[in-house]
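Trainee: Quick one: this structure, given as structure tokens, is what I'll be asking you about.
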Amino acid sequence: MQYVPWRNVNSWQCKACGYCCKLYSVVLNFGEYLRLTQTYGQGAAESDLSRFYIKRHSNGDCAFLGCKSLKYYCGLQATKPEACKIWPFKVAAEPKYGDEDLAAFNYDGKEVYIYVDNMCSGVRYGKPTWEFQNQTIKEFVEIALGTREFQHHATGRIGFEWRK
Ligand code: SF4
Ligand code: SF4
């Protein structure tokens with residue numbers, strides 16, 4: 001994987017390929033772990049000695065990943081963990097992946113550094129569009145800063161119902 005600074009990205013839209021939900025273990029904070037297990041039961045999460053994770057099937061898929069007509073989608077939607085809400089973006093207080101000038105983003109007078117993981121097939125490279133800069137990126141920053149929960153521009157568009 002490689003992190004690309006946001007100024008080299010034209011736009012982003014989830015293609016519902018499901019890749020991220022098949023490849024990665026999703027770490028839950030304690031509040032997310034409690035909410036998830038209270039709603040869906042203990043089987044919705046797993047843990048090791050130091051962390052809580054969302055349950056994965058034996059093939060590696062997240063237990064909440066659904067598929068319809070070859071499109072993958074999240075069964076948790078608005079209540080998905082923050083790690084999922086932020087993917088494939090990284091919002092950092094420092095330019096930790098380099099390209100400081102290209103990664104810098106001014107949010108309400110505060111400088112943050114934004115990168116996108118090039119493993120995501122929804123990334124289109126080029127000069128940022130107005131919508132990407134002022135709506136999509138802004139939403140990811142607000143989620144990372146904890147000032148927003150609802151996603152509109154920063155998520156896929158398809159939903160399905162979780163069944164135990
Ligand atoms: S966020 Fe990216 S990798 Fe994940 S399902 Fe959407 S397009 Fe695929
Ligand atoms: S909770 Fe949703 S977005 Fe997160 S890995 Fe599972 S299916 Fe994907």
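By convention here, the chains of the structure tokens are called A, B, ... in the order presented, each chain's residues are numbered starting at 1, and ligands are numbered starting at 1 in the order presented.
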9 Å from ligand 2 is the threshold here; counting only C-alpha atoms and all ligand atoms, which polymer residues fall inside it? Answer as a ChimeraX atom specification.

Mentor: /A:18-26,54-56,61-66,72-77,79-85,87

Trainee: Would you mind exporting the chosen residues as a compact mmCIF listing (two decimals), in the first residue's frame, restricted to N, CA and C atoms?

Mentor:
# COMPACT_ATOMS: atom_id res chain seq x y z
N GLY A 18 -15.76 -4.26 -2.18
CA GLY A 18 -15.67 -5.08 -0.99
C GLY A 18 -14.24 -5.41 -0.55
N TYR A 19 -13.28 -4.93 -1.28
CA TYR A 19 -11.88 -5.29 -1.02
C TYR A 19 -11.47 -4.97 0.42
N CYS A 20 -11.77 -3.77 0.88
CA CYS A 20 -11.33 -3.36 2.21
C CYS A 20 -12.00 -4.20 3.30
N CYS A 21 -13.22 -4.63 3.08
CA CYS A 21 -13.97 -5.38 4.09
C CYS A 21 -13.59 -6.86 4.09
N LYS A 22 -12.81 -7.27 3.10
CA LYS A 22 -12.32 -8.65 3.01
C LYS A 22 -10.88 -8.75 3.50
N LEU A 23 -10.15 -7.65 3.34
CA LEU A 23 -8.70 -7.70 3.56
C LEU A 23 -8.28 -7.38 4.99
N TYR A 24 -8.97 -6.43 5.61
CA TYR A 24 -8.47 -5.89 6.88
C TYR A 24 -9.31 -6.34 8.08
N SER A 25 -8.64 -6.50 9.23
CA SER A 25 -9.33 -6.66 10.50
C SER A 25 -9.67 -5.26 11.00
N VAL A 26 -10.90 -5.07 11.42
CA VAL A 26 -11.32 -3.74 11.89
C VAL A 26 -11.20 -3.69 13.41
N ILE A 54 -13.94 -6.42 14.93
CA ILE A 54 -15.22 -6.85 14.39
C ILE A 54 -15.07 -8.31 13.92
N LYS A 55 -16.12 -9.11 14.07
CA LYS A 55 -16.07 -10.52 13.71
C LYS A 55 -15.80 -10.71 12.21
N ARG A 56 -14.89 -11.64 11.90
CA ARG A 56 -14.65 -11.99 10.49
C ARG A 56 -15.02 -13.46 10.29
N ASP A 61 -13.82 -12.44 5.37
CA ASP A 61 -14.80 -11.36 5.17
C ASP A 61 -15.32 -10.85 6.52
N CYS A 62 -15.54 -9.56 6.61
CA CYS A 62 -16.23 -9.00 7.77
C CYS A 62 -17.62 -9.62 7.86
N ALA A 63 -18.06 -9.92 9.09
CA ALA A 63 -19.37 -10.56 9.29
C ALA A 63 -20.53 -9.67 8.85
N PHE A 64 -20.28 -8.39 8.70
CA PHE A 64 -21.35 -7.47 8.31
C PHE A 64 -21.31 -7.11 6.82
N LEU A 65 -20.44 -7.80 6.09
CA LEU A 65 -20.34 -7.51 4.66
C LEU A 65 -21.43 -8.26 3.90
N GLY A 66 -22.18 -7.53 3.12
CA GLY A 66 -23.22 -8.14 2.30
C GLY A 66 -22.88 -7.99 0.82
N TYR A 72 -20.79 -5.08 -3.16
CA TYR A 72 -20.67 -5.34 -1.73
C TYR A 72 -21.11 -4.11 -0.95
N TYR A 73 -21.67 -4.38 0.23
CA TYR A 73 -22.08 -3.23 1.05
C TYR A 73 -22.08 -3.59 2.53
N CYS A 74 -22.08 -2.54 3.35
CA CYS A 74 -21.92 -2.70 4.79
C CYS A 74 -23.27 -2.84 5.48
N GLY A 75 -23.40 -3.88 6.32
CA GLY A 75 -24.64 -4.09 7.05
C GLY A 75 -24.83 -3.13 8.22
N LEU A 76 -23.77 -2.47 8.62
CA LEU A 76 -23.88 -1.54 9.75
C LEU A 76 -24.21 -0.13 9.30
N GLN A 77 -23.82 0.20 8.09
CA GLN A 77 -24.07 1.53 7.53
C GLN A 77 -23.71 2.65 8.51
N THR A 79 -23.83 3.02 11.58
CA THR A 79 -23.23 2.68 12.88
C THR A 79 -21.91 1.93 12.71
N LYS A 80 -21.35 1.93 11.52
CA LYS A 80 -20.07 1.25 11.30
C LYS A 80 -18.98 1.91 12.15
N PRO A 81 -17.93 1.17 12.52
CA PRO A 81 -16.86 1.74 13.35
C PRO A 81 -16.14 2.89 12.65
N GLU A 82 -15.51 3.73 13.45
CA GLU A 82 -14.83 4.90 12.88
C GLU A 82 -13.76 4.50 11.88
N ALA A 83 -13.05 3.40 12.16
CA ALA A 83 -12.00 2.96 11.24
C ALA A 83 -12.57 2.72 9.84
N CYS A 84 -13.79 2.20 9.78
CA CYS A 84 -14.43 1.96 8.48
C CYS A 84 -14.92 3.26 7.86
N LYS A 85 -15.39 4.17 8.70
CA LYS A 85 -15.88 5.45 8.17
C LYS A 85 -14.76 6.25 7.53
N TRP A 87 -11.78 4.97 6.27
CA TRP A 87 -11.11 4.31 5.14
C TRP A 87 -11.65 4.84 3.81

Trainee: I'd like the contact shell of Asn118 (chain A) - 9 Å cut-off, only C-alpha atoms, skipping same-chain residues fewer than 3 positions apart - returned as a list in words.

Mentor: Met1, Gln2, Tyr3, Val4, Pro88, Ser121 and Val123 of chain A

Trainee: For each of A:Tyr113, A:Tyr107, A:Tyr40, A:Trp12, take the minimum atom-to-atom distance to ligand 1, counting only C-alpha atoms and all ligand atoms, then give the residue where this is smallest.

Mentor: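 So, comparing all the options, the nearest one is A:Trp12.
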
Trainee: Going by DSSP on the backbone, which bits of chain A are alpha helix (DSSP H)? Write them as an NGL selection string, please.

Mentor: :A and (19-23 or 30-40 or 82-86 or 100-103 or 130-131 or 137-145)

Trainee: With N, CA and C atoms kept, could you save the residues just selected as a CSV table (one decimal), in the first residue's frame?

Mentor:
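File again28.csv, as written:
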chain,number,residue,atom,x,y,z
A,19,TYR,N,-13.3,-4.9,-1.3
A,19,TYR,CA,-11.9,-5.3,-1.0
A,19,TYR,C,-11.5,-5.0,0.4
A,20,CYS,N,-11.8,-3.8,0.9
A,20,CYS,CA,-11.3,-3.4,2.2
A,20,CYS,C,-12.0,-4.2,3.3
A,21,CYS,N,-13.2,-4.6,3.1
A,21,CYS,CA,-14.0,-5.4,4.1
A,21,CYS,C,-13.6,-6.9,4.1
A,22,LYS,N,-12.8,-7.3,3.1
A,22,LYS,CA,-12.3,-8.7,3.0
A,22,LYS,C,-10.9,-8.7,3.5
A,23,LEU,N,-10.1,-7.7,3.3
A,23,LEU,CA,-8.7,-7.7,3.6
A,23,LEU,C,-8.3,-7.4,5.0
A,30,PHE,N,-13.4,0.7,22.7
A,30,PHE,CA,-14.3,0.0,23.7
A,30,PHE,C,-15.8,0.3,23.6
A,31,GLY,N,-16.0,1.6,23.3
A,31,GLY,CA,-17.4,2.0,23.1
A,31,GLY,C,-18.1,1.3,21.9
A,32,GLU,N,-17.3,1.2,20.8
A,32,GLU,CA,-17.8,0.5,19.6
A,32,GLU,C,-18.1,-1.0,19.9
A,33,TYR,N,-17.1,-1.6,20.7
A,33,TYR,CA,-17.3,-3.0,21.0
A,33,TYR,C,-18.6,-3.2,21.8
A,34,LEU,N,-18.8,-2.3,22.8
A,34,LEU,CA,-20.0,-2.5,23.7
A,34,LEU,C,-21.3,-2.3,22.9
A,35,ARG,N,-21.3,-1.3,22.0
A,35,ARG,CA,-22.5,-1.0,21.2
A,35,ARG,C,-22.8,-2.2,20.3
A,36,LEU,N,-21.7,-2.7,19.7
A,36,LEU,CA,-21.9,-3.7,18.7
A,36,LEU,C,-22.4,-5.0,19.3
A,37,THR,N,-21.8,-5.4,20.5
A,37,THR,CA,-22.2,-6.7,21.1
A,37,THR,C,-23.5,-6.5,21.8
A,38,GLN,N,-23.9,-5.3,22.3
A,38,GLN,CA,-25.2,-5.1,22.9
A,38,GLN,C,-26.3,-5.2,21.9
A,39,THR,N,-26.0,-4.8,20.7
A,39,THR,CA,-27.0,-4.8,19.6
A,39,THR,C,-27.1,-6.2,18.9
A,40,TYR,N,-25.9,-6.8,18.6
A,40,TYR,CA,-25.9,-8.0,17.8
A,40,TYR,C,-25.4,-9.3,18.5
A,82,GLU,N,-15.5,3.7,13.4
A,82,GLU,CA,-14.8,4.9,12.9
A,82,GLU,C,-13.8,4.5,11.9
A,83,ALA,N,-13.1,3.4,12.2
A,83,ALA,CA,-12.0,3.0,11.2
A,83,ALA,C,-12.6,2.7,9.8
A,84,CYS,N,-13.8,2.2,9.8
A,84,CYS,CA,-14.4,2.0,8.5
A,84,CYS,C,-14.9,3.3,7.9
A,85,LYS,N,-15.4,4.2,8.7
A,85,LYS,CA,-15.9,5.4,8.2
A,85,LYS,C,-14.8,6.3,7.5
A,86,ILE,N,-13.6,6.1,8.1
A,86,ILE,CA,-12.4,6.9,7.6
A,86,ILE,C,-11.8,6.3,6.4
A,100,GLU,N,4.5,17.1,2.5
A,100,GLU,CA,3.8,18.0,3.4
A,100,GLU,C,2.9,19.0,2.7
A,101,ASP,N,3.4,19.6,1.6
A,101,ASP,CA,2.6,20.7,1.0
A,101,ASP,C,1.4,20.1,0.3
A,102,LEU,N,1.6,18.9,-0.3
A,102,LEU,CA,0.4,18.3,-1.0
A,102,LEU,C,-0.6,17.7,-0.1
A,103,ALA,N,-0.1,17.4,1.1
A,103,ALA,CA,-1.1,16.7,2.1
A,103,ALA,C,-1.7,17.7,3.0
A,130,TRP,N,-13.9,20.5,-7.0
A,130,TRP,CA,-14.4,21.4,-5.9
A,130,TRP,C,-15.2,20.5,-4.9
A,131,GLU,N,-16.0,19.6,-5.4
A,131,GLU,CA,-16.8,18.7,-4.5
A,131,GLU,C,-15.9,17.9,-3.6
A,137,ILE,N,-13.6,15.6,1.3
A,137,ILE,CA,-12.5,15.7,2.3
A,137,ILE,C,-13.0,16.3,3.6
A,138,LYS,N,-13.8,17.3,3.5
A,138,LYS,CA,-14.2,18.0,4.7
A,138,LYS,C,-15.0,17.0,5.6
A,139,GLU,N,-15.8,16.1,5.0
A,139,GLU,CA,-16.5,15.2,5.8
A,139,GLU,C,-15.6,14.2,6.5
A,140,PHE,N,-14.6,13.7,5.8
A,140,PHE,CA,-13.6,12.7,6.4
A,140,PHE,C,-12.9,13.4,7.5
A,141,VAL,N,-12.5,14.7,7.4
A,141,VAL,CA,-11.8,15.4,8.5
A,141,VAL,C,-12.8,15.5,9.7
A,142,GLU,N,-14.0,15.9,9.5
A,142,GLU,CA,-14.9,16.0,10.6
A,142,GLU,C,-15.2,14.7,11.3
A,143,ILE,N,-15.2,13.6,10.6
A,143,ILE,CA,-15.4,12.3,11.2
A,143,ILE,C,-14.1,12.0,12.0
A,144,ALA,N,-12.9,12.3,11.5
A,144,ALA,CA,-11.7,12.0,12.2
A,144,ALA,C,-11.6,12.9,13.5
A,145,LEU,N,-12.1,14.1,13.4
A,145,LEU,CA,-12.0,15.0,14.5
A,145,LEU,C,-13.1,14.7,15.5

Trainee: CA of Asn8 (chain A) to CA of Val112 (chain A): how many Å, to one decimal?

Mentor: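 Calculated distance between CA of Asn8 (chain A) and CA of Val112 (chain A) is 15.9 Å.
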
Trainee: Near Lys71 (chain A), counting only C-alpha atoms, which residues have an atom at most 10 Å away, once you skip same-chain residues fewer than 6 positions from it, shown as a count of residues only?

Mentor: 5

Trainee: Taking only region 25-154 of chain A into account, list the residues labelled strand (DSSP E or B) by DSSP (computed from the backbone), as a PyMOL selection string.

Mentor: chain A and resi 27-28+45-47+52-54+56+62+65-68+71-74+89-92+104-107+110-117+123-125

Trainee: Using N, CA and C atoms, can you write the selected residues to a file as an mmCIF file, in the first residue's frame?

Mentor:
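The file below, out27.cif, is the result:
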data_model
loop_
_atom_site.group_PDB
_atom_site.id
_atom_site.type_symbol
_atom_site.label_atom_id
_atom_site.label_comp_id
_atom_site.auth_asym_id
_atom_site.auth_seq_id
_atom_site.Cartn_x
_atom_site.Cartn_y
_atom_site.Cartn_z
ATOM 1 N N VAL A 27 -10.354 -2.779 13.884
ATOM 2 C CA VAL A 27 -10.185 -2.597 15.325
ATOM 3 C C VAL A 27 -11.337 -1.730 15.849
ATOM 4 N N LEU A 28 -11.909 -2.181 16.967
ATOM 5 C CA LEU A 28 -13.003 -1.439 17.610
ATOM 6 C C LEU A 28 -12.484 -0.765 18.869
ATOM 7 N N ALA A 45 -18.277 -9.688 17.650
ATOM 8 C CA ALA A 45 -16.914 -9.159 17.845
ATOM 9 C C ALA A 45 -16.002 -10.269 18.338
ATOM 10 N N GLU A 46 -14.713 -10.032 18.231
ATOM 11 C CA GLU A 46 -13.731 -10.963 18.773
ATOM 12 C C GLU A 46 -12.599 -10.134 19.382
ATOM 13 N N SER A 47 -11.722 -10.780 20.127
ATOM 14 C CA SER A 47 -10.661 -10.018 20.783
ATOM 15 C C SER A 47 -9.408 -10.870 20.923
ATOM 16 N N PHE A 52 -10.032 -5.243 20.580
ATOM 17 C CA PHE A 52 -11.301 -5.800 20.113
ATOM 18 C C PHE A 52 -11.363 -5.611 18.600
ATOM 19 N N TYR A 53 -11.987 -6.587 17.930
ATOM 20 C CA TYR A 53 -12.117 -6.527 16.470
ATOM 21 C C TYR A 53 -13.548 -6.876 16.090
ATOM 22 N N ILE A 54 -13.944 -6.425 14.926
ATOM 23 C CA ILE A 54 -15.222 -6.854 14.390
ATOM 24 C C ILE A 54 -15.071 -8.309 13.923
ATOM 25 N N ARG A 56 -14.888 -11.639 11.903
ATOM 26 C CA ARG A 56 -14.646 -11.991 10.494
ATOM 27 C C ARG A 56 -15.024 -13.458 10.288
ATOM 28 N N CYS A 62 -15.537 -9.562 6.612
ATOM 29 C CA CYS A 62 -16.227 -8.999 7.771
ATOM 30 C C CYS A 62 -17.620 -9.625 7.859
ATOM 31 N N LEU A 65 -20.444 -7.797 6.092
ATOM 32 C CA LEU A 65 -20.336 -7.505 4.661
ATOM 33 C C LEU A 65 -21.432 -8.258 3.901
ATOM 34 N N GLY A 66 -22.179 -7.532 3.119
ATOM 35 C CA GLY A 66 -23.219 -8.141 2.295
ATOM 36 C C GLY A 66 -22.884 -7.988 0.824
ATOM 37 N N CYS A 67 -23.547 -8.779 -0.009
ATOM 38 C CA CYS A 67 -23.301 -8.700 -1.451
ATOM 39 C C CYS A 67 -24.607 -8.926 -2.193
ATOM 40 N N LYS A 68 -24.863 -8.084 -3.165
ATOM 41 C CA LYS A 68 -26.058 -8.217 -3.983
ATOM 42 C C LYS A 68 -25.704 -7.769 -5.399
ATOM 43 N N LYS A 71 -22.259 -6.399 -6.049
ATOM 44 C CA LYS A 71 -21.863 -5.185 -5.334
ATOM 45 C C LYS A 71 -21.858 -5.488 -3.843
ATOM 46 N N TYR A 72 -20.793 -5.084 -3.163
ATOM 47 C CA TYR A 72 -20.668 -5.336 -1.728
ATOM 48 C C TYR A 72 -21.109 -4.106 -0.949
ATOM 49 N N TYR A 73 -21.674 -4.376 0.233
ATOM 50 C CA TYR A 73 -22.084 -3.228 1.049
ATOM 51 C C TYR A 73 -22.082 -3.593 2.528
ATOM 52 N N CYS A 74 -22.084 -2.544 3.348
ATOM 53 C CA CYS A 74 -21.918 -2.696 4.790
ATOM 54 C C CYS A 74 -23.270 -2.840 5.480
ATOM 55 N N PHE A 89 -9.031 6.953 3.758
ATOM 56 C CA PHE A 89 -8.280 8.173 4.052
ATOM 57 C C PHE A 89 -7.548 8.081 5.390
ATOM 58 N N LYS A 90 -6.473 8.819 5.483
ATOM 59 C CA LYS A 90 -5.729 9.000 6.724
ATOM 60 C C LYS A 90 -5.735 10.488 7.016
ATOM 61 N N VAL A 91 -6.182 10.859 8.192
ATOM 62 C CA VAL A 91 -6.175 12.261 8.608
ATOM 63 C C VAL A 91 -5.229 12.357 9.801
ATOM 64 N N ALA A 92 -4.146 13.108 9.626
ATOM 65 C CA ALA A 92 -3.098 13.127 10.653
ATOM 66 C C ALA A 92 -2.782 14.558 11.072
ATOM 67 N N ALA A 104 -1.212 18.924 3.117
ATOM 68 C CA ALA A 104 -1.771 19.890 4.072
ATOM 69 C C ALA A 104 -3.186 20.295 3.673
ATOM 70 N N PHE A 105 -4.063 20.384 4.656
ATOM 71 C CA PHE A 105 -5.460 20.790 4.436
ATOM 72 C C PHE A 105 -5.851 21.687 5.600
ATOM 73 N N ASN A 106 -6.368 22.874 5.250
ATOM 74 C CA ASN A 106 -6.773 23.804 6.293
ATOM 75 C C ASN A 106 -8.246 23.590 6.612
ATOM 76 N N TYR A 107 -8.511 23.135 7.821
ATOM 77 C CA TYR A 107 -9.900 22.943 8.237
ATOM 78 C C TYR A 107 -10.210 23.908 9.369
ATOM 79 N N LYS A 110 -7.369 25.142 11.228
ATOM 80 C CA LYS A 110 -6.491 24.114 11.797
ATOM 81 C C LYS A 110 -5.850 23.334 10.653
ATOM 82 N N GLU A 111 -4.535 23.153 10.703
ATOM 83 C CA GLU A 111 -3.830 22.415 9.650
ATOM 84 C C GLU A 111 -3.827 20.915 9.967
ATOM 85 N N VAL A 112 -4.332 20.121 9.023
ATOM 86 C CA VAL A 112 -4.236 18.665 9.155
ATOM 87 C C VAL A 112 -3.612 18.134 7.865
ATOM 88 N N TYR A 113 -3.226 16.871 7.863
ATOM 89 C CA TYR A 113 -2.549 16.275 6.703
ATOM 90 C C TYR A 113 -3.337 15.046 6.267
ATOM 91 N N ILE A 114 -3.693 15.043 4.980
ATOM 92 C CA ILE A 114 -4.610 14.016 4.497
ATOM 93 C C ILE A 114 -3.978 13.218 3.367
ATOM 94 N N TYR A 115 -4.132 11.899 3.493
ATOM 95 C CA TYR A 115 -3.601 10.963 2.492
ATOM 96 C C TYR A 115 -4.698 9.949 2.179
ATOM 97 N N VAL A 116 -4.563 9.333 0.997
ATOM 98 C CA VAL A 116 -5.498 8.263 0.653
ATOM 99 C C VAL A 116 -4.701 7.000 0.318
ATOM 100 N N ASP A 117 -5.224 5.863 0.754
ATOM 101 C CA ASP A 117 -4.584 4.570 0.515
ATOM 102 C C ASP A 117 -4.851 4.160 -0.935
ATOM 103 N N VAL A 123 -10.497 5.511 -5.921
ATOM 104 C CA VAL A 123 -9.716 6.749 -6.010
ATOM 105 C C VAL A 123 -9.459 7.098 -7.473
ATOM 106 N N ARG A 124 -9.775 8.334 -7.847
ATOM 107 C CA ARG A 124 -9.421 8.829 -9.182
ATOM 108 C C ARG A 124 -8.353 9.900 -8.987
ATOM 109 N N TYR A 125 -7.257 9.786 -9.721
ATOM 110 C CA TYR A 125 -6.121 10.692 -9.519
ATOM 111 C C TYR A 125 -6.214 11.894 -10.453
#
